[in-house]
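Novice: One structure is given below, represented as structure tokens, and several questions about it will come after.
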Amino acid sequence: MGATHALWLLAIPVCAIAVAALARRFGTPAPLALVIAGLVVSFLPGVPEFELEPEIVLYVFLPPLLFSAAWQSSYYNMRDNVRSIGALSVGLVLFSTLLVGFAAYWLVPDLPLAPALVLGAILAPPDAVAAVSVAQRLGLPRRLVTILVGESLFNDATALTVFRVALAAAVGTGFSLAEGAGRFLYAAVAGAVVGLLLGPPLHWLRTRLNDPLVENSVALAAPFAAYLIAELVHASGVIAVVVSGLYLGHRFTDSPAITRLIGHSFWKVMVFILESVVFLLIGLQLPPVLDGLSDRGWGSLAWWAAAVFGVTVLARFLWVVATSYLPLWSGRGEERWAPDWRGRVVIGWAGMRGVVSLAAAFAIPFVTSAGDPFPGRDLVLFLTFTTVLATLLVQGLTFPALIRRMRVGGGRERYADTVAEAGAQHAAARAALDRLEELTRDDGALDADVVERLRTLAEQNQLRAWERLGGGTGQDGAEVPSATYRRLRREMLAAERATFVRMRDERRIDDEVLERVLHELDLEEVSLARD
């Protein structure tokens, strides 16, 4: 690898992080800013072509992003909405594959049916990276977020299986509906089994290592292990990663506090970097996609791109509207997409595609099994890129305005959460005080000042969540005691930190001592910021 090539490889994550940081600073959705930046950079002179390697996306980027999203998802919420998630992640993917495939076959003269169905399978799944990066920041009600995130976690398994079946038909290696259905069922069931078999031993190992760094290293290895093991047995690596992530995330409460603190920060940084690089790479794919299309009319290409994008969006709306009137029965009663038509509109518009679609498109071979060029490969790449770009920019840019227009924000839900949290804090503090009373009765030699400090702390925890209902102020607009305490304590911590740094600079304490005392101050400051 030459020095110039290595320098460009370093420039990608550096530029991605810089653009994402600027987007966050100015309140712009980072995925959209990154895609636009990638498009702009791809036109600059001297910038080499960065063709997306499917193996890099599927084996390096996808597992940790899926695992992190699954880890942060609620198992109970997923279970309560399993019918809705299944209808979108399986039924909608199959419906979109057929509708988009046949529409592309009818609209594009040079595209045979088998490659058109390959295109339909590629464009069928909304991308997990795009959905998690955009939807969770928009204040949607919890149930809608659960459905959208759950769909994006599981639909890749359906789409990749359908893609492989359609690709086999297109390259001439054999195809049958029975074989395709059997392959899908095996991949789904075997992938879930791999995830379930891997989750418990990894959890057992993590809870017995007693080393936060090693425990989080095991969690980092988990998505790659699940994906690789599942792929080795020809199962769905996506489902294996999601199932293991749901299991380990559901049991994260068994880990020590310091492990959870380190893990939370680590995964935030990891996801931020990976998402930034992924969306920048999407924008950089324009030159490779345009290769081989110079002999086609740009007017026809624009019409085909707009038509395929429109059919892709229409397919989702048709499916959501048609199935919203059919009750999805579950063990907990009648389950529907959303409480009213506004929620259905939001779900219908939340179909952003992403890097998995592009990776699948670039995985199409150049030749068929007979040695002939793959029919319409350049067209499939072009239509995939334009649809991904259009969904990210058109739907992504208008999504916040649509949510405000539909008035489906989760403000009442957040207020109810705060009330529920206050009640839980009250009950937990009561239990802590009762336990303290038991300990003081059993051991009368305990220092009275220590006991009083602990009792005061528990009582403050009881009041904190109730006070937050007023936004940090009381009924008369005055600052509540807990807010005053946090403000003053932060100023005290800043003064302590400055003193320690000054003493280090004066060589009165060593850097090792400084690191230790600052860590204690940082932990206290983090605890102050939890509200």
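Chain labels A, B, ... are given in the sequence in which chains occur in the structure tokens; within each chain residues are numbered consecutively from 1, and ligands are likewise numbered from 1 in the order shown.
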Find the residues around segment 151-155 of chain A up to 8 Å (only C-alpha atoms counted), leave out those fewer than 4 positions away in its own chain, and share them as number ranges by chain.

Specialist: A: 66, 69-70, 85-86, 88-90, 93, 125-128, 131, 147, 159, 238-239, 242

Novice: With only C-alpha atoms as the counted atoms, please give the residues lying no more than 12 Å from segment 390-400 of chain A, apart from itself and same-chain residues fewer than 5 positions off, as a short mmCIF file (atom, residue, chain, number, x, y, z; two decimals) with all heavy atoms, in the first residue's frame.

Specialist:
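The result, stored in selection-v8.cif:
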data_model
loop_
_atom_site.label_atom_id
_atom_site.label_comp_id
_atom_site.auth_asym_id
_atom_site.auth_seq_id
_atom_site.Cartn_x
_atom_site.Cartn_y
_atom_site.Cartn_z
N THR A 28 -27.82 20.09 12.48
CA THR A 28 -28.18 19.46 11.21
C THR A 28 -28.07 17.95 11.35
O THR A 28 -27.12 17.46 11.97
CB THR A 28 -27.24 19.95 10.10
OG1 THR A 28 -27.28 21.36 10.03
CG2 THR A 28 -27.63 19.36 8.75
N PRO A 29 -29.00 17.18 10.79
CA PRO A 29 -28.86 15.72 10.84
C PRO A 29 -27.54 15.29 10.22
O PRO A 29 -27.27 15.53 9.04
CB PRO A 29 -30.06 15.22 10.01
CG PRO A 29 -31.07 16.32 10.10
CD PRO A 29 -30.28 17.59 10.15
N ALA A 30 -26.70 14.64 11.02
CA ALA A 30 -25.36 14.26 10.56
C ALA A 30 -25.37 13.34 9.35
O ALA A 30 -24.55 13.52 8.43
CB ALA A 30 -24.59 13.62 11.72
N PRO A 31 -26.25 12.32 9.27
CA PRO A 31 -26.22 11.45 8.09
C PRO A 31 -26.42 12.23 6.78
O PRO A 31 -25.75 11.95 5.78
CB PRO A 31 -27.38 10.48 8.34
CG PRO A 31 -27.54 10.46 9.82
CD PRO A 31 -27.22 11.84 10.27
N LEU A 32 -27.32 13.19 6.79
CA LEU A 32 -27.58 13.95 5.57
C LEU A 32 -26.38 14.83 5.21
O LEU A 32 -26.00 14.92 4.04
CB LEU A 32 -28.83 14.80 5.75
CG LEU A 32 -30.08 14.06 6.24
CD1 LEU A 32 -31.25 15.01 6.35
CD2 LEU A 32 -30.41 12.91 5.31
N ALA A 33 -25.80 15.49 6.20
CA ALA A 33 -24.63 16.33 5.94
C ALA A 33 -23.46 15.50 5.41
O ALA A 33 -22.73 15.93 4.52
CB ALA A 33 -24.22 17.06 7.23
N LEU A 34 -23.29 14.29 5.93
CA LEU A 34 -22.19 13.43 5.49
C LEU A 34 -22.38 12.96 4.06
O LEU A 34 -21.43 12.91 3.28
CB LEU A 34 -22.07 12.24 6.44
CG LEU A 34 -21.48 12.56 7.81
CD1 LEU A 34 -21.85 11.49 8.83
CD2 LEU A 34 -19.96 12.69 7.71
N VAL A 35 -23.60 12.59 3.70
CA VAL A 35 -23.86 12.16 2.33
C VAL A 35 -23.59 13.30 1.35
O VAL A 35 -22.95 13.11 0.30
CB VAL A 35 -25.31 11.64 2.19
CG1 VAL A 35 -25.66 11.41 0.72
CG2 VAL A 35 -25.49 10.36 2.96
N ILE A 36 -24.06 14.49 1.69
CA ILE A 36 -23.83 15.65 0.82
C ILE A 36 -22.34 15.94 0.72
O ILE A 36 -21.81 16.24 -0.37
CB ILE A 36 -24.61 16.86 1.35
CG1 ILE A 36 -26.11 16.61 1.25
CG2 ILE A 36 -24.23 18.12 0.57
CD1 ILE A 36 -26.96 17.67 1.90
N LEU A 39 -20.73 13.53 -1.64
CA LEU A 39 -21.01 13.87 -3.03
C LEU A 39 -20.12 15.01 -3.51
O LEU A 39 -19.57 14.98 -4.61
CB LEU A 39 -22.48 14.27 -3.17
CG LEU A 39 -23.51 13.14 -3.13
CD1 LEU A 39 -24.91 13.73 -3.07
CD2 LEU A 39 -23.38 12.26 -4.35
N LEU A 123 -33.32 -2.88 -2.93
CA LEU A 123 -33.96 -1.66 -2.44
C LEU A 123 -35.06 -1.93 -1.42
O LEU A 123 -35.65 -0.98 -0.89
CB LEU A 123 -34.55 -0.88 -3.62
CG LEU A 123 -33.54 -0.32 -4.63
CD1 LEU A 123 -34.27 0.38 -5.76
CD2 LEU A 123 -32.56 0.63 -3.95
N PRO A 125 -35.13 -3.24 1.79
CA PRO A 125 -35.04 -2.96 3.23
C PRO A 125 -34.59 -1.55 3.56
O PRO A 125 -33.56 -1.09 3.08
CB PRO A 125 -33.96 -3.95 3.69
CG PRO A 125 -33.03 -4.05 2.53
CD PRO A 125 -33.88 -3.87 1.29
N PRO A 126 -35.36 -0.79 4.35
CA PRO A 126 -34.81 0.42 4.97
C PRO A 126 -33.59 0.04 5.81
O PRO A 126 -33.58 -1.00 6.46
CB PRO A 126 -35.96 0.95 5.82
CG PRO A 126 -37.18 0.39 5.20
CD PRO A 126 -36.78 -0.97 4.68
N ASP A 127 -32.59 0.87 5.76
CA ASP A 127 -31.30 0.50 6.36
C ASP A 127 -31.30 0.74 7.86
O ASP A 127 -31.81 1.76 8.34
CB ASP A 127 -30.20 1.32 5.71
CG ASP A 127 -28.82 0.82 6.08
OD1 ASP A 127 -28.44 -0.26 5.65
OD2 ASP A 127 -28.13 1.54 6.83
N VAL A 129 -28.74 1.42 9.77
CA VAL A 129 -27.91 2.57 10.12
C VAL A 129 -28.69 3.87 9.94
O VAL A 129 -28.70 4.74 10.80
CB VAL A 129 -26.63 2.59 9.26
CG1 VAL A 129 -25.78 3.80 9.59
CG2 VAL A 129 -25.84 1.31 9.46
N ALA A 130 -29.37 4.01 8.80
CA ALA A 130 -30.12 5.22 8.53
C ALA A 130 -31.26 5.39 9.51
O ALA A 130 -31.51 6.48 10.04
CB ALA A 130 -30.65 5.20 7.10
N ALA A 131 -32.00 4.32 9.78
CA ALA A 131 -33.16 4.42 10.67
C ALA A 131 -32.76 4.80 12.08
O ALA A 131 -33.36 5.69 12.69
CB ALA A 131 -33.92 3.10 10.66
N SER A 133 -30.03 6.23 13.06
CA SER A 133 -29.36 7.53 13.12
C SER A 133 -30.32 8.70 13.04
O SER A 133 -30.05 9.76 13.56
CB SER A 133 -28.34 7.65 11.99
OG SER A 133 -27.36 6.65 12.10
N VAL A 134 -31.45 8.51 12.36
CA VAL A 134 -32.37 9.61 12.13
C VAL A 134 -33.60 9.53 13.02
O VAL A 134 -33.98 10.50 13.69
CB VAL A 134 -32.77 9.67 10.64
CG1 VAL A 134 -33.77 10.79 10.40
CG2 VAL A 134 -31.54 9.86 9.77
N ALA A 135 -34.25 8.37 13.07
CA ALA A 135 -35.56 8.27 13.72
C ALA A 135 -35.50 8.56 15.21
O ALA A 135 -36.38 9.24 15.74
CB ALA A 135 -36.15 6.87 13.49
N GLN A 136 -34.47 8.07 15.90
CA GLN A 136 -34.44 8.21 17.36
C GLN A 136 -34.19 9.65 17.81
O GLN A 136 -34.41 9.97 18.96
CB GLN A 136 -33.36 7.30 17.94
CG GLN A 136 -33.75 5.82 17.88
CD GLN A 136 -32.72 4.94 18.55
OE1 GLN A 136 -31.53 5.24 18.56
NE2 GLN A 136 -33.16 3.84 19.13
N ARG A 137 -33.73 10.50 16.90
CA ARG A 137 -33.45 11.89 17.28
C ARG A 137 -34.63 12.82 17.03
O ARG A 137 -34.52 14.02 17.23
CB ARG A 137 -32.23 12.40 16.49
CG ARG A 137 -30.96 11.63 16.78
CD ARG A 137 -29.77 12.31 16.11
NE ARG A 137 -28.54 11.62 16.41
CZ ARG A 137 -27.96 10.75 15.60
NH1 ARG A 137 -28.51 10.48 14.44
NH2 ARG A 137 -26.85 10.14 15.94
N LEU A 138 -35.76 12.27 16.59
CA LEU A 138 -36.85 13.13 16.16
C LEU A 138 -38.00 13.21 17.16
O LEU A 138 -39.03 13.78 16.85
CB LEU A 138 -37.37 12.65 14.81
CG LEU A 138 -36.32 12.67 13.69
CD1 LEU A 138 -36.91 12.12 12.41
CD2 LEU A 138 -35.80 14.08 13.46
N GLY A 139 -37.86 12.63 18.34
CA GLY A 139 -38.89 12.74 19.35
C GLY A 139 -40.15 11.95 19.04
O GLY A 139 -41.24 12.35 19.47
N LEU A 140 -40.03 10.84 18.30
CA LEU A 140 -41.20 10.03 17.99
C LEU A 140 -41.68 9.29 19.23
O LEU A 140 -40.89 8.97 20.13
CB LEU A 140 -40.87 9.01 16.90
CG LEU A 140 -40.72 9.55 15.47
CD1 LEU A 140 -40.27 8.43 14.55
CD2 LEU A 140 -42.03 10.13 14.98
N PHE A 279 -21.84 6.93 6.13
CA PHE A 279 -22.61 7.90 5.35
C PHE A 279 -21.72 8.71 4.42
O PHE A 279 -22.14 9.09 3.33
CB PHE A 279 -23.41 8.80 6.28
CG PHE A 279 -24.62 8.13 6.86
CD1 PHE A 279 -24.67 7.80 8.20
CD2 PHE A 279 -25.69 7.80 6.06
CE1 PHE A 279 -25.77 7.16 8.74
CE2 PHE A 279 -26.81 7.17 6.58
CZ PHE A 279 -26.84 6.85 7.92
N ILE A 282 -21.19 6.57 1.40
CA ILE A 282 -22.34 6.56 0.49
C ILE A 282 -22.22 7.69 -0.53
O ILE A 282 -22.42 7.49 -1.74
CB ILE A 282 -23.65 6.67 1.29
CG1 ILE A 282 -23.91 5.38 2.08
CG2 ILE A 282 -24.83 6.96 0.36
CD1 ILE A 282 -25.13 5.44 2.97
N GLY A 283 -21.88 8.88 -0.05
CA GLY A 283 -21.74 10.00 -0.97
C GLY A 283 -20.57 9.85 -1.94
O GLY A 283 -20.62 10.34 -3.07
N ALA A 302 -32.37 9.79 -15.68
CA ALA A 302 -33.06 10.59 -14.66
C ALA A 302 -34.51 10.13 -14.49
O ALA A 302 -35.02 10.04 -13.36
CB ALA A 302 -32.99 12.07 -15.01
N ALA A 305 -34.54 6.77 -12.69
CA ALA A 305 -34.20 6.95 -11.27
C ALA A 305 -35.38 7.51 -10.49
O ALA A 305 -35.71 7.02 -9.39
CB ALA A 305 -32.98 7.86 -11.13
N ALA A 306 -36.04 8.54 -11.04
CA ALA A 306 -37.18 9.12 -10.36
C ALA A 306 -38.33 8.13 -10.24
O ALA A 306 -39.01 8.05 -9.20
CB ALA A 306 -37.64 10.38 -11.11
N ALA A 307 -38.54 7.33 -11.30
CA ALA A 307 -39.64 6.36 -11.28
C ALA A 307 -39.38 5.26 -10.26
O ALA A 307 -40.29 4.88 -9.49
CB ALA A 307 -39.82 5.76 -12.67
N VAL A 308 -38.17 4.74 -10.20
CA VAL A 308 -37.85 3.67 -9.24
C VAL A 308 -37.95 4.19 -7.81
O VAL A 308 -38.47 3.51 -6.91
CB VAL A 308 -36.45 3.09 -9.53
CG1 VAL A 308 -36.00 2.17 -8.39
CG2 VAL A 308 -36.45 2.32 -10.85
N PHE A 309 -37.46 5.42 -7.58
CA PHE A 309 -37.60 6.02 -6.26
C PHE A 309 -39.07 6.16 -5.88
O PHE A 309 -39.49 5.83 -4.76
CB PHE A 309 -36.91 7.38 -6.22
CG PHE A 309 -37.29 8.23 -5.05
CD1 PHE A 309 -36.95 7.87 -3.76
CD2 PHE A 309 -38.02 9.41 -5.24
CE1 PHE A 309 -37.31 8.65 -2.67
CE2 PHE A 309 -38.37 10.20 -4.16
CZ PHE A 309 -38.03 9.81 -2.87
N GLY A 310 -39.88 6.65 -6.81
CA GLY A 310 -41.31 6.81 -6.53
C GLY A 310 -42.00 5.49 -6.23
O GLY A 310 -42.81 5.40 -5.29
N VAL A 311 -41.69 4.45 -6.99
CA VAL A 311 -42.30 3.14 -6.74
C VAL A 311 -41.84 2.58 -5.39
O VAL A 311 -42.62 1.95 -4.66
CB VAL A 311 -41.96 2.17 -7.88
CG1 VAL A 311 -42.44 0.75 -7.55
CG2 VAL A 311 -42.58 2.64 -9.18
N THR A 312 -40.57 2.80 -5.04
CA THR A 312 -40.05 2.32 -3.76
C THR A 312 -40.81 2.96 -2.60
O THR A 312 -41.19 2.29 -1.64
CB THR A 312 -38.55 2.63 -3.65
OG1 THR A 312 -37.85 2.02 -4.73
CG2 THR A 312 -37.99 2.11 -2.33
N VAL A 313 -41.03 4.27 -2.68
CA VAL A 313 -41.79 4.96 -1.64
C VAL A 313 -43.25 4.52 -1.65
O VAL A 313 -43.85 4.28 -0.59
CB VAL A 313 -41.68 6.49 -1.82
CG1 VAL A 313 -42.58 7.22 -0.82
CG2 VAL A 313 -40.23 6.94 -1.66
N VAL A 345 -48.82 7.54 8.49
CA VAL A 345 -48.11 8.39 7.53
C VAL A 345 -46.64 8.47 7.88
O VAL A 345 -45.76 8.38 7.00
CB VAL A 345 -48.74 9.80 7.49
CG1 VAL A 345 -47.87 10.76 6.67
CG2 VAL A 345 -50.14 9.74 6.89
N VAL A 346 -46.33 8.62 9.16
CA VAL A 346 -44.93 8.70 9.60
C VAL A 346 -44.21 7.39 9.28
O VAL A 346 -43.08 7.39 8.76
CB VAL A 346 -44.86 9.02 11.11
CG1 VAL A 346 -43.44 8.84 11.63
CG2 VAL A 346 -45.34 10.44 11.37
N ILE A 347 -44.83 6.26 9.58
CA ILE A 347 -44.20 4.97 9.28
C ILE A 347 -44.02 4.82 7.77
O ILE A 347 -42.97 4.33 7.31
CB ILE A 347 -45.06 3.82 9.84
CG1 ILE A 347 -45.00 3.83 11.37
CG2 ILE A 347 -44.57 2.47 9.33
CD1 ILE A 347 -45.86 2.77 12.01
N GLY A 348 -45.00 5.24 7.00
CA GLY A 348 -44.88 5.12 5.55
C GLY A 348 -43.77 5.96 4.97
O GLY A 348 -43.15 5.58 3.97
N TRP A 349 -43.48 7.12 5.57
CA TRP A 349 -42.45 8.00 5.04
C TRP A 349 -41.06 7.66 5.58
O TRP A 349 -40.06 8.18 5.09
CB TRP A 349 -42.79 9.45 5.37
CG TRP A 349 -42.01 10.48 4.61
CD1 TRP A 349 -41.16 11.41 5.14
CD2 TRP A 349 -42.00 10.71 3.20
NE1 TRP A 349 -40.62 12.20 4.15
CE2 TRP A 349 -41.13 11.79 2.94
CE3 TRP A 349 -42.64 10.09 2.12
CZ2 TRP A 349 -40.88 12.26 1.66
CZ3 TRP A 349 -42.39 10.56 0.84
CH2 TRP A 349 -41.52 11.64 0.62
N ALA A 350 -40.98 6.80 6.58
CA ALA A 350 -39.69 6.50 7.23
C ALA A 350 -39.00 5.33 6.56
O ALA A 350 -38.65 4.35 7.20
CB ALA A 350 -39.93 6.19 8.71
N GLY A 351 -38.81 5.41 5.24
CA GLY A 351 -38.20 4.30 4.51
C GLY A 351 -36.86 4.63 3.93
O GLY A 351 -36.59 4.31 2.76
N MET A 352 -35.97 5.23 4.69
CA MET A 352 -34.66 5.60 4.17
C MET A 352 -33.78 4.38 3.94
O MET A 352 -33.67 3.51 4.80
CB MET A 352 -33.97 6.57 5.13
CG MET A 352 -34.61 7.94 5.16
SD MET A 352 -34.17 8.90 6.62
CE MET A 352 -35.19 8.10 7.85
N ARG A 353 -33.19 4.32 2.76
CA ARG A 353 -32.26 3.24 2.45
C ARG A 353 -30.84 3.68 2.77
O ARG A 353 -30.58 4.86 2.99
CB ARG A 353 -32.37 2.86 0.97
CG ARG A 353 -33.40 1.78 0.67
CD ARG A 353 -34.78 2.17 1.05
NE ARG A 353 -35.78 1.15 0.69
CZ ARG A 353 -37.05 1.23 0.98
NH1 ARG A 353 -37.52 2.27 1.64
NH2 ARG A 353 -37.88 0.27 0.63
N GLY A 354 -29.91 2.71 2.79
CA GLY A 354 -28.56 3.06 3.20
C GLY A 354 -27.50 2.14 2.65
O GLY A 354 -27.62 1.58 1.56
N VAL A 355 -26.47 1.93 3.46
CA VAL A 355 -25.25 1.31 2.98
C VAL A 355 -25.43 -0.17 2.67
O VAL A 355 -24.72 -0.72 1.81
CB VAL A 355 -24.13 1.51 4.03
CG1 VAL A 355 -24.40 0.69 5.27
CG2 VAL A 355 -22.77 1.17 3.46
N SER A 357 -27.92 -1.59 1.13
CA SER A 357 -28.38 -1.68 -0.26
C SER A 357 -27.23 -1.48 -1.23
O SER A 357 -27.10 -2.21 -2.23
CB SER A 357 -29.47 -0.63 -0.51
OG SER A 357 -30.64 -0.93 0.24
N LEU A 383 -29.35 2.84 -10.30
CA LEU A 383 -30.68 2.99 -9.71
C LEU A 383 -30.65 2.77 -8.20
O LEU A 383 -31.42 3.39 -7.46
CB LEU A 383 -31.65 2.03 -10.39
CG LEU A 383 -31.93 2.33 -11.87
CD1 LEU A 383 -32.79 1.23 -12.48
CD2 LEU A 383 -32.59 3.69 -12.03
N THR A 384 -29.78 1.89 -7.72
CA THR A 384 -29.63 1.71 -6.28
C THR A 384 -29.09 2.97 -5.64
O THR A 384 -29.61 3.46 -4.63
CB THR A 384 -28.68 0.53 -5.98
OG1 THR A 384 -29.23 -0.67 -6.52
CG2 THR A 384 -28.49 0.36 -4.48
N PHE A 385 -28.03 3.53 -6.23
CA PHE A 385 -27.42 4.74 -5.65
C PHE A 385 -28.40 5.90 -5.65
O PHE A 385 -28.54 6.60 -4.63
CB PHE A 385 -26.17 5.11 -6.45
CG PHE A 385 -25.50 6.37 -5.96
CD1 PHE A 385 -24.65 6.33 -4.86
CD2 PHE A 385 -25.73 7.59 -6.57
CE1 PHE A 385 -24.04 7.48 -4.40
CE2 PHE A 385 -25.13 8.74 -6.12
CZ PHE A 385 -24.28 8.68 -5.03
N ARG A 405 -45.70 18.40 11.60
CA ARG A 405 -46.98 18.62 10.94
C ARG A 405 -48.03 17.62 11.41
O ARG A 405 -49.21 17.97 11.62
CB ARG A 405 -46.80 18.51 9.43
CG ARG A 405 -48.07 18.71 8.60
CD ARG A 405 -48.49 20.16 8.62
NE ARG A 405 -49.63 20.40 7.74
CZ ARG A 405 -50.24 21.57 7.63
NH1 ARG A 405 -49.82 22.60 8.34
NH2 ARG A 405 -51.28 21.71 6.82
N MET A 406 -47.61 16.36 11.58
CA MET A 406 -48.54 15.31 12.00
C MET A 406 -48.80 15.34 13.52
O MET A 406 -49.70 14.68 14.01
CB MET A 406 -47.98 13.93 11.63
CG MET A 406 -47.89 13.67 10.14
SD MET A 406 -49.51 13.51 9.34
CE MET A 406 -49.63 15.10 8.53
N ARG A 407 -47.97 16.09 14.23
CA ARG A 407 -48.13 16.21 15.69
C ARG A 407 -48.12 14.84 16.37
O ARG A 407 -49.01 14.51 17.14
CB ARG A 407 -49.41 16.96 16.03
CG ARG A 407 -49.42 18.39 15.50
CD ARG A 407 -50.73 19.10 15.83
NE ARG A 407 -50.72 20.47 15.30
CZ ARG A 407 -51.76 21.30 15.38
NH1 ARG A 407 -52.87 20.89 15.99
NH2 ARG A 407 -51.69 22.51 14.87
N VAL A 408 -47.08 14.08 16.08
CA VAL A 408 -46.96 12.75 16.68
C VAL A 408 -45.74 12.69 17.61
O VAL A 408 -45.19 11.64 17.85
CB VAL A 408 -46.85 11.66 15.61
CG1 VAL A 408 -48.14 11.51 14.86
CG2 VAL A 408 -45.69 11.95 14.64
N GLY A 409 -45.30 13.83 18.11
CA GLY A 409 -44.19 13.84 19.04
C GLY A 409 -44.52 13.13 20.34
O GLY A 409 -45.69 12.94 20.69
#

Novice: Residues at most 10 Å from Pro200 of chain A, counting only C-alpha atoms, excluding those fewer than 5 positions away in the same chain, as a ChimeraX atom specification?

Specialist: /A:195,205-206,244,247-248,251

Novice: Hey, what does DSSP flag as alpha helix (DSSP H) within segment 51-154 of chain A? Can you give it to me as a VMD selection string?

Specialist: chain A and resid 54 to 56 62 to 72 75 to 80 82 to 86 93 to 107 113 to 123 128 to 135 142 to 154

Novice: Let me make sure I understand: among A:Leu144, A:Met492, A:Val171, A:Ala16, which one has the smallest atom-to-atom distance to Asp372 of chain A if we use only C-alpha atoms?

Specialist: A:Val171

Novice: Need the shell around Arg489 of chain A: protein/DNA/RNA residues with any atom at most 10 Å away, counting only C-alpha atoms. Skip same-chain ones fewer than 6 positions apart. Format as a list in words?

Specialist: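 Non-adjacent residues within range: Ala483, Ala495, Glu524, Glu525 and Leu528 of chain A.
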
Novice: Any chance you could export the current selection's N, CA and C atoms as a short mmCIF file (atom, residue, chain, number, x, y, z; two decimals), in the first residue's frame?

Specialist:
data_model
loop_
_atom_site.label_atom_id
_atom_site.label_comp_id
_atom_site.auth_asym_id
_atom_site.auth_seq_id
_atom_site.Cartn_x
_atom_site.Cartn_y
_atom_site.Cartn_z
N ALA A 483 -31.45 21.45 41.97
CA ALA A 483 -30.78 22.18 40.90
C ALA A 483 -29.71 23.11 41.47
N ALA A 495 -13.30 24.07 40.74
CA ALA A 495 -12.22 24.66 41.54
C ALA A 495 -11.25 23.59 42.01
N GLU A 524 -18.11 11.86 39.88
CA GLU A 524 -19.11 12.64 40.61
C GLU A 524 -19.81 13.63 39.68
N GLU A 525 -19.05 14.25 38.76
CA GLU A 525 -19.67 15.21 37.85
C GLU A 525 -20.65 14.52 36.90
N LEU A 528 -23.81 14.01 38.67
CA LEU A 528 -24.58 15.25 38.78
C LEU A 528 -25.35 15.53 37.48
#

Novice: To one decimal place in Å, what is the distance between atom CA of Glu49 of chain A and atom CA of Leu280 of chain A?

Specialist: 13.0 Å

Novice: Between atom CA of Thr161 of chain A and atom CA of Ser68 of chain A, what is the distance in Å, rounded to a tenth?

Specialist: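 Computing it gives 22.6 Å between the two atoms.
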
Novice: Which is closer to Ser73 of chain A than all the others in A:Tyr227, A:Leu52, A:Leu246, A:Val108, using only C-alpha atoms?

Specialist: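 Of all the options, A:Leu246 lies closest to Ser73 of chain A.
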
Novice: Nearest residue to Val526 of chain A out of A:Leu402, A:Met78, A:Leu493, A:Val40, using only C-alpha atoms?

Specialist: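 The closest residue to Val526 of chain A is A:Leu493.
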
Novice: Determine, counting only C-alpha atoms, which protein, DNA and RNA residues have an atom within 9 Å of an atom of Ala359 of chain A; residues of the same chain fewer than 3 positions away are not included. Present the result as a CSV table (one decimal) with N, CA, C and O atoms, in the first residue's frame.

Specialist:
chain,number,residue,atom,x,y,z
A,52,LEU,N,-17.2,0.8,-2.9
A,52,LEU,CA,-17.6,0.2,-1.6
A,52,LEU,C,-17.4,-1.3,-1.7
A,52,LEU,O,-17.9,-2.0,-2.6
A,53,GLU,N,-16.6,-1.9,-0.8
A,53,GLU,CA,-16.3,-3.3,-0.8
A,53,GLU,C,-17.5,-4.0,0.0
A,53,GLU,O,-17.6,-3.7,1.2
A,54,PRO,N,-18.3,-4.9,-0.6
A,54,PRO,CA,-19.4,-5.5,0.2
A,54,PRO,C,-18.9,-6.2,1.4
A,54,PRO,O,-19.6,-6.2,2.5
A,55,GLU,N,-17.7,-6.9,1.4
A,55,GLU,CA,-17.3,-7.7,2.5
A,55,GLU,C,-16.9,-6.7,3.7
A,55,GLU,O,-17.2,-7.1,4.9
A,56,ILE,N,-16.4,-5.5,3.4
A,56,ILE,CA,-16.1,-4.6,4.4
A,56,ILE,C,-17.4,-4.1,5.1
A,56,ILE,O,-17.4,-4.0,6.4
A,57,VAL,N,-18.4,-3.8,4.4
A,57,VAL,CA,-19.6,-3.4,4.9
A,57,VAL,C,-20.3,-4.5,5.8
A,57,VAL,O,-20.7,-4.3,6.9
A,58,LEU,N,-20.4,-5.7,5.2
A,58,LEU,CA,-21.1,-6.7,5.9
A,58,LEU,C,-20.4,-7.4,7.0
A,58,LEU,O,-21.0,-7.8,8.0
A,122,ILE,N,-32.6,-5.5,-3.5
A,122,ILE,CA,-31.6,-4.6,-3.0
A,122,ILE,C,-32.3,-3.4,-2.3
A,122,ILE,O,-31.8,-2.9,-1.2
A,355,VAL,N,-26.5,1.9,3.5
A,355,VAL,CA,-25.3,1.3,3.0
A,355,VAL,C,-25.4,-0.2,2.7
A,355,VAL,O,-24.7,-0.7,1.8
A,356,VAL,N,-26.4,-0.9,3.3
A,356,VAL,CA,-26.6,-2.3,3.0
A,356,VAL,C,-27.0,-2.5,1.6
A,356,VAL,O,-26.6,-3.4,0.9
A,362,PHE,N,-23.1,-3.7,-5.1
A,362,PHE,CA,-21.7,-3.8,-5.5
A,362,PHE,C,-21.3,-5.3,-5.4
A,362,PHE,O,-20.2,-5.7,-6.0
A,363,ALA,N,-22.0,-6.2,-4.7
A,363,ALA,CA,-21.7,-7.6,-4.7
A,363,ALA,C,-22.2,-8.3,-5.9
A,363,ALA,O,-21.9,-9.5,-6.1
